[in-house]
Structure formats: C-alpha cells, structure tokens
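Student: Got a file for you: start_4.cif, mmCIF, C-alpha atoms.
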data_final
loop_
_atom_site.label_atom_id
_atom_site.label_comp_id
_atom_site.auth_asym_id
_atom_site.auth_seq_id
_atom_site.Cartn_x
_atom_site.Cartn_y
_atom_site.Cartn_z
CA MET A 1 -49.31 12.25 2.30
CA GLU A 2 -47.46 9.16 1.07
CA LYS A 3 -43.86 8.89 2.25
CA ALA A 4 -41.05 8.44 -0.25
CA PRO A 5 -39.30 5.04 -0.14
CA VAL A 6 -36.27 4.92 2.12
CA SER A 7 -33.98 4.19 -0.82
CA ALA A 8 -35.27 7.27 -2.67
CA VAL A 9 -34.71 9.44 0.38
CA ALA A 10 -31.19 8.07 0.80
CA ALA A 11 -30.42 8.70 -2.88
CA LEU A 12 -31.66 12.28 -2.61
CA TRP A 13 -29.60 12.82 0.53
CA ASN A 14 -26.48 11.48 -1.20
CA ARG A 15 -27.02 13.75 -4.19
CA THR A 16 -27.41 16.73 -1.86
CA LEU A 17 -24.22 15.84 -0.02
CA ASN A 18 -22.35 15.48 -3.31
CA LEU A 19 -23.41 18.99 -4.30
CA VAL A 20 -22.25 20.48 -1.02
CA TYR A 21 -19.19 18.24 -0.63
CA PRO A 22 -18.18 16.98 -4.10
CA PRO A 23 -16.62 13.50 -3.85
CA ARG A 24 -12.87 13.27 -4.24
CA CYS A 25 -10.47 10.45 -4.93
CA VAL A 26 -9.18 9.11 -1.60
CA PHE A 27 -5.68 8.86 -3.06
CA CYS A 28 -5.03 12.03 -5.11
CA GLN A 29 -8.03 14.12 -3.90
CA ASP A 30 -9.17 15.02 -7.43
CA PHE A 31 -12.91 15.57 -7.86
CA LEU A 32 -14.94 12.56 -9.01
CA SER A 33 -18.20 12.13 -10.91
CA GLY A 34 -20.46 9.33 -12.09
CA ALA A 35 -19.36 5.79 -11.32
CA ARG A 36 -15.99 7.05 -10.10
CA ALA A 37 -17.73 9.01 -7.36
CA GLU A 38 -19.25 5.77 -6.10
CA ALA A 39 -15.92 3.93 -6.28
CA GLY A 40 -14.00 6.73 -4.54
CA VAL A 41 -10.94 6.26 -6.76
CA CYS A 42 -10.10 8.11 -9.98
CA ALA A 43 -9.08 6.25 -13.14
CA SER A 44 -5.51 7.55 -12.95
CA CYS A 45 -4.95 6.31 -9.39
CA GLU A 46 -6.65 3.02 -10.21
CA ARG A 47 -3.92 2.42 -12.80
CA ARG A 48 -0.92 3.59 -10.76
CA LEU A 49 -1.64 2.26 -7.29
CA PRO A 50 1.34 0.33 -5.86
CA ARG A 51 -0.44 -3.02 -5.56
CA THR A 52 0.99 -6.21 -4.14
CA ASP A 53 0.70 -9.48 -6.06
CA GLY A 54 0.34 -13.15 -5.16
CA THR A 55 3.76 -13.34 -3.50
CA THR A 56 4.32 -9.81 -2.16
CA ALA A 57 0.82 -9.72 -0.65
CA LEU A 58 2.04 -12.08 2.09
CA ARG A 59 4.34 -11.22 4.98
CA SER A 60 5.46 -13.64 7.65
CA GLY A 61 5.96 -12.69 11.27
CA ASP A 62 6.22 -13.84 14.85
CA TYR A 63 3.12 -15.55 16.29
CA PHE A 64 0.83 -14.92 13.29
CA THR A 65 0.80 -17.35 10.36
CA PHE A 66 1.00 -14.61 7.74
CA CYS A 67 -0.21 -11.09 7.00
CA LEU A 68 -2.04 -10.14 3.80
CA SER A 69 -1.91 -6.63 2.33
CA PRO A 70 -3.37 -5.43 -1.00
CA LEU A 71 -1.18 -2.29 -1.30
CA PHE A 72 2.35 -1.09 -0.63
CA TYR A 73 2.73 1.74 1.87
CA GLN A 74 4.32 4.27 -0.44
CA GLY A 75 3.46 7.35 -2.49
CA ILE A 76 -0.24 8.14 -2.82
CA VAL A 77 -1.19 5.18 -0.61
CA ARG A 78 0.95 6.45 2.27
CA GLU A 79 -0.46 9.98 1.98
CA SER A 80 -4.03 8.66 1.81
CA ILE A 81 -3.62 6.51 4.91
CA ARG A 82 -2.06 9.41 6.82
CA ARG A 83 -5.12 11.54 6.02
CA TYR A 84 -7.34 8.64 7.09
CA LYS A 85 -5.59 8.34 10.44
CA PHE A 86 -4.58 11.89 11.29
CA SER A 87 -6.89 14.24 9.36
CA GLY A 88 -10.33 12.91 10.22
CA ARG A 89 -11.03 11.13 6.92
CA SER A 90 -12.74 8.22 8.63
CA TYR A 91 -15.06 7.69 5.63
CA TYR A 92 -12.09 6.48 3.55
CA HIS A 93 -12.65 3.05 5.08
CA ARG A 94 -15.55 2.39 2.70
CA VAL A 95 -13.24 2.76 -0.30
CA TYR A 96 -10.42 0.82 1.33
CA GLY A 97 -12.83 -2.03 2.04
CA VAL A 98 -12.94 -3.02 -1.63
CA PHE A 99 -9.17 -3.57 -1.66
CA LEU A 100 -9.28 -5.56 1.58
CA ARG A 101 -12.07 -7.85 0.39
CA ASP A 102 -10.41 -8.43 -2.98
CA CYS A 103 -7.20 -9.39 -1.18
CA LEU A 104 -9.03 -11.88 1.03
CA GLU A 105 -10.80 -13.39 -1.96
CA GLN A 106 -7.54 -13.90 -3.82
CA ASN A 107 -5.35 -15.09 -0.96
CA LEU A 108 -7.28 -16.61 1.94
CA SER A 109 -8.73 -20.00 1.06
CA SER A 110 -10.57 -20.79 4.29
CA PRO A 111 -12.64 -18.30 6.31
CA PRO A 112 -11.81 -17.22 9.87
CA ASP A 113 -14.06 -17.93 12.82
CA VAL A 114 -13.69 -14.42 14.22
CA VAL A 115 -12.66 -11.03 12.81
CA THR A 116 -11.03 -8.56 15.20
CA TRP A 117 -8.56 -5.66 15.14
CA ALA A 118 -5.48 -4.20 16.86
CA PRO A 119 -7.13 -1.56 19.07
CA LEU A 120 -6.04 1.96 19.92
CA SER A 121 -5.60 3.07 23.51
CA ALA A 122 -8.65 4.79 25.01
CA ARG A 123 -6.75 8.08 25.06
CA ARG A 124 -5.78 7.96 21.37
CA LYS A 125 -9.24 6.82 20.30
CA HIS A 126 -10.78 9.72 22.21
CA SER A 127 -8.45 12.28 20.59
CA ARG A 128 -8.91 10.81 17.10
CA GLY A 129 -12.63 10.23 17.42
CA TYR A 130 -12.56 6.74 15.90
CA ASP A 131 -10.45 3.60 15.73
CA GLN A 132 -9.26 3.30 12.13
CA ALA A 133 -8.41 -0.41 12.47
CA ARG A 134 -11.91 -1.22 13.72
CA LEU A 135 -13.45 0.46 10.66
CA LEU A 136 -11.20 -1.62 8.40
CA ALA A 137 -12.17 -4.76 10.32
CA GLU A 138 -15.83 -3.97 9.67
CA GLU A 139 -15.12 -3.76 5.94
CA ALA A 140 -13.11 -7.01 5.94
CA GLY A 141 -15.81 -8.80 7.90
CA LYS A 142 -18.38 -8.04 5.22
CA TYR A 143 -16.67 -10.55 2.94
CA TYR A 144 -17.54 -13.35 5.38
CA GLY A 145 -20.77 -11.93 6.75
CA LEU A 146 -19.07 -11.49 10.13
CA ARG A 147 -19.24 -8.51 12.46
CA PRO A 148 -15.86 -7.82 14.07
CA VAL A 149 -15.59 -8.76 17.72
CA PRO A 150 -13.46 -6.77 20.20
CA LEU A 151 -11.10 -9.42 21.58
CA LEU A 152 -8.26 -7.17 22.74
CA LYS A 153 -7.88 -3.98 24.71
CA LYS A 154 -4.84 -1.74 24.88
CA VAL A 155 -4.20 -1.12 28.54
CA LYS A 156 -1.36 1.37 28.21
CA HIS A 157 -1.07 4.52 26.11
CA THR A 158 2.18 4.43 24.15
CA PRO A 159 3.91 6.67 21.59
CA ALA A 160 2.72 6.12 18.02
CA GLN A 161 4.66 3.35 16.32
CA SER A 162 5.20 5.62 13.31
CA SER A 163 7.31 7.93 15.52
CA LEU A 164 9.77 5.17 16.47
CA GLY A 165 12.65 3.34 14.85
CA ARG A 166 12.57 -0.35 13.98
CA THR A 167 14.23 -1.57 17.18
CA ALA A 168 12.10 0.56 19.52
CA ARG A 169 8.79 -0.58 18.06
CA GLY A 170 8.89 -4.04 19.61
CA GLU A 171 9.59 -2.68 23.09
CA ASN A 172 6.89 -0.01 22.67
CA VAL A 173 4.06 -2.56 22.33
CA ARG A 174 5.32 -5.24 24.70
CA ASN A 175 2.70 -6.21 27.30
CA VAL A 176 0.30 -3.38 26.40
CA TYR A 177 -2.54 -5.62 25.14
CA ARG A 178 -4.89 -7.81 27.15
CA ILE A 179 -7.69 -10.22 26.29
CA ARG A 180 -11.15 -8.82 27.03
CA ARG A 181 -13.31 -10.60 29.55
CA ASN A 182 -15.27 -13.51 28.01
CA ALA A 183 -13.70 -12.93 24.57
CA PRO A 184 -14.48 -15.85 22.20
CA VAL A 185 -10.88 -16.86 21.52
CA ALA A 186 -10.31 -20.49 22.52
CA GLY A 187 -10.00 -22.81 19.54
CA ARG A 188 -10.82 -20.07 17.04
CA ARG A 189 -9.08 -19.12 13.81
CA ILE A 190 -8.81 -15.35 14.07
CA LEU A 191 -8.43 -12.68 11.38
CA LEU A 192 -6.62 -9.73 12.98
CA VAL A 193 -6.90 -6.41 11.10
CA ASP A 194 -4.76 -3.26 11.22
CA ASP A 195 -4.02 -0.39 8.85
CA VAL A 196 -0.31 -0.87 8.03
CA ILE A 197 2.32 -3.51 8.75
CA THR A 198 5.85 -2.12 9.03
CA THR A 199 8.04 -4.22 11.33
CA GLY A 200 5.11 -6.42 12.36
CA SER A 201 5.64 -5.64 16.06
CA THR A 202 2.05 -4.63 16.82
CA LEU A 203 0.48 -7.57 15.02
CA SER A 204 2.99 -9.99 16.56
CA GLU A 205 2.27 -8.80 20.08
CA CYS A 206 -1.50 -8.92 19.55
CA SER A 207 -1.16 -12.40 18.06
CA ARG A 208 0.95 -13.60 20.96
CA VAL A 209 -1.75 -12.52 23.43
CA LEU A 210 -4.47 -14.20 21.35
CA LEU A 211 -2.54 -17.47 21.06
CA GLU A 212 -1.76 -17.54 24.77
CA ALA A 213 -5.50 -17.14 25.39
CA GLY A 214 -6.13 -20.29 23.34
CA ALA A 215 -6.60 -19.15 19.75
CA ALA A 216 -5.99 -21.94 17.23
CA GLU A 217 -4.39 -19.61 14.66
CA VAL A 218 -4.02 -15.91 13.90
CA VAL A 219 -3.82 -14.58 10.36
CA CYS A 220 -3.53 -10.85 9.75
CA LEU A 221 -4.79 -8.35 7.21
CA THR A 222 -3.65 -4.78 6.68
CA LEU A 223 -4.49 -2.26 4.00
CA ALA A 224 -0.82 -1.68 3.20
CA ARG A 225 2.64 -3.01 3.91
CA THR A 226 6.10 -1.54 3.76
CA VAL A 227 8.85 -3.12 1.69
CA LEU A 228 11.41 -4.90 3.87
CA GLU A 229 15.05 -3.97 3.40
CA THR A 230 15.85 -7.64 2.75
CA GLU A 231 13.40 -7.93 -0.15
#
As structure tokens - that is how I would like this structure written.

Tutor:
Amino acid sequence: MEKAPVSAVAALWNRTLNLVYPPRCVFCQDFLSGARAEAGVCASCERRLPRTDGTTALRSGDYFTFCLSPLFYQGIVRESIRRYKFSGRSYYHRVYGVFLRDCLEQNLSSPPDVVTWAPLSARRKHSRGYDQARLLAEEAGKYYGLRPVPLLKKVKHTPAQSSLGRTARGENVRNVYRIRRNAPVAGRRILLVDDVITTGSTLSECSRVLLEAGAAEVVCLTLARTVLETE
C-alpha cells in the first residue's frame, strides 16, 4: 500500500485537531476559520492591537544598546501574554513570531551573530513546563536562519519580576545570571530575547553579564513593552 505524502498526512492531522480543538484568536479567544485560523489573530484584534511605531518600538537601557518591541503591554496584549506564561498556552509563540520578525525587519538594519534569551530558573521552568522566552527566541531566530544558543543560565530562583515594584526589580535579578561554559560570546553581536520589558532590569543584568564575558554588543527584543511614566 502506497503511503500518503508527509505533507498530506500533516494537513489531515491539522484538520482533525481543528475539529477537536477549534482555533481561537490568541488575543480575544474568539473562534477562527479559514486564513484567520492559520494567522491565529482575528480581524478585529488585528485592527485594534496596541502596536508600537518607528520611535516607540525602541527603548534604551543599561548595558544593552536598545530594546525593540512590536506591541505595547496593555489590554488584550497583556491578557494574551499572561495566558502564554501562566496558563500553558505555549503554542501562542508561533503567532507571536510574526510580530517579532516584522519588528526586526523594520528596525534592525544589521543581523546579530547569535540569538539567545533571558532564561528562567530551573525550578520555574520545571513548574511551567517550558521557557517562554526561549520559544520567542526560536521564532526571532527564524528571520536570520539562526537557531538560538543558550548563553546564560539563571543560578538562583527568585520571585517573579511581575510581583515586585519598580525599585525591587533591579535587586531581584542582581547576580543571578551566569555565562554557560564554552558559550560563544566573545566578540559577538548578540540578540537577547524576552517576553516583556518593564523596567529593563532583567535585560540589563543579562546584558551586563554578556558584555563582561566579551560580547561586542547586546541588542534586545521583546514581544511587548510597557509605557514609561516619563513618556
């Protein structure tokens, strides 16, 4: 008996999954069909997403040159990311990847040498079942044909940054990251990926460690950013 092509089998499997688990918009959770099911975003959310633009897409910070973000962390974006991180919606990363890659295309003129991410502690990764920043790094790396490389490890379990005030966040992440053994850092331009930039404390601390290990430059990318009180 002749086997069906792999692509045909995959298409059949996807159709079966869609019948059992109808696709929903990652932002408002409405059911999707047709091309919208593939995109993962409904037409209404596509129009009303709080997007950044050429100036607000960039944030400065300590140790990293700048941070790019395609979306603002508010409304339906905030609720979507919270489900992604805390409710097991790991598959959202495939939809988010489109926004990340579009942001890189529009704002980053020269490619990085290495793509990496701000890692979770082993304890939090075990409880969550996945590292959400690593999944986003995989999506961002596709734009350059690069697989993300684990350069950092978090050596201390700390309270979630989202549970702390602005002042406490910097102290919470101080000296909790280390360079991995034989990590390809020296002389490299590094793209560091995370889910959200709020105060910038996590990305700054990761960038500091990378620069002290010999990185030439660190630029950052997050799916969303908060609006600073001074803006």

Student: With a distance cut-off of 12 Å and all atoms listed in the file, select the neighbouring residues of Asp194 (chain A), excluding the residue or stretch itself and same-chain residues fewer than 6 positions from it, and output the selection as an NGL selection string.

Tutor: :A and (67-69 or 81 or 85 or 93 or 100 or 115-120 or 131-140 or 200-204 or 206-207 or 219-225)

Student: Of the candidates A:Val227, A:Thr158, A:Arg128, A:Tyr91, which one gets nearest to Thr199 (chain A) if we count all atoms listed in the file?

Tutor: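 Closest residue, counting all atoms listed in the file: A:Val227.
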
Student: Taking all atoms listed in the file into account, which of A:Asp113, A:Glu205, A:Glu46, A:Glu217 comes nearest Ile76 (chain A)?

Tutor: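 Of A:Asp113, A:Glu205, A:Glu46, A:Glu217, the one nearest Ile76 (chain A) is A:Glu46, counting all atoms listed in the file.
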
Student: So, with all atoms listed in the file as the atoms that count, which of A:Gly187, A:Ala215, A:Phe66, A:Ile197 lies closest to Leu228 (chain A)?

Tutor: A:Ile197

Student: Choose the residue, out of A:Phe64, A:Ala122, A:Val176, A:Ser44, that has the smallest atom-to-atom separation from Leu210 (chain A); count only C-alpha atoms.

Tutor: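 Comparing A:Phe64, A:Ala122, A:Val176, A:Ser44 against Leu210 (chain A), the winner is A:Phe64.
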
Student: Would you mind reading off the distance between CA of Phe72 (chain A) and CA of Pro50 (chain A), one decimal, in Å?

Tutor: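 Spanning CA of Phe72 (chain A) to CA of Pro50 (chain A) is a straight-line distance of 5.5 Å.
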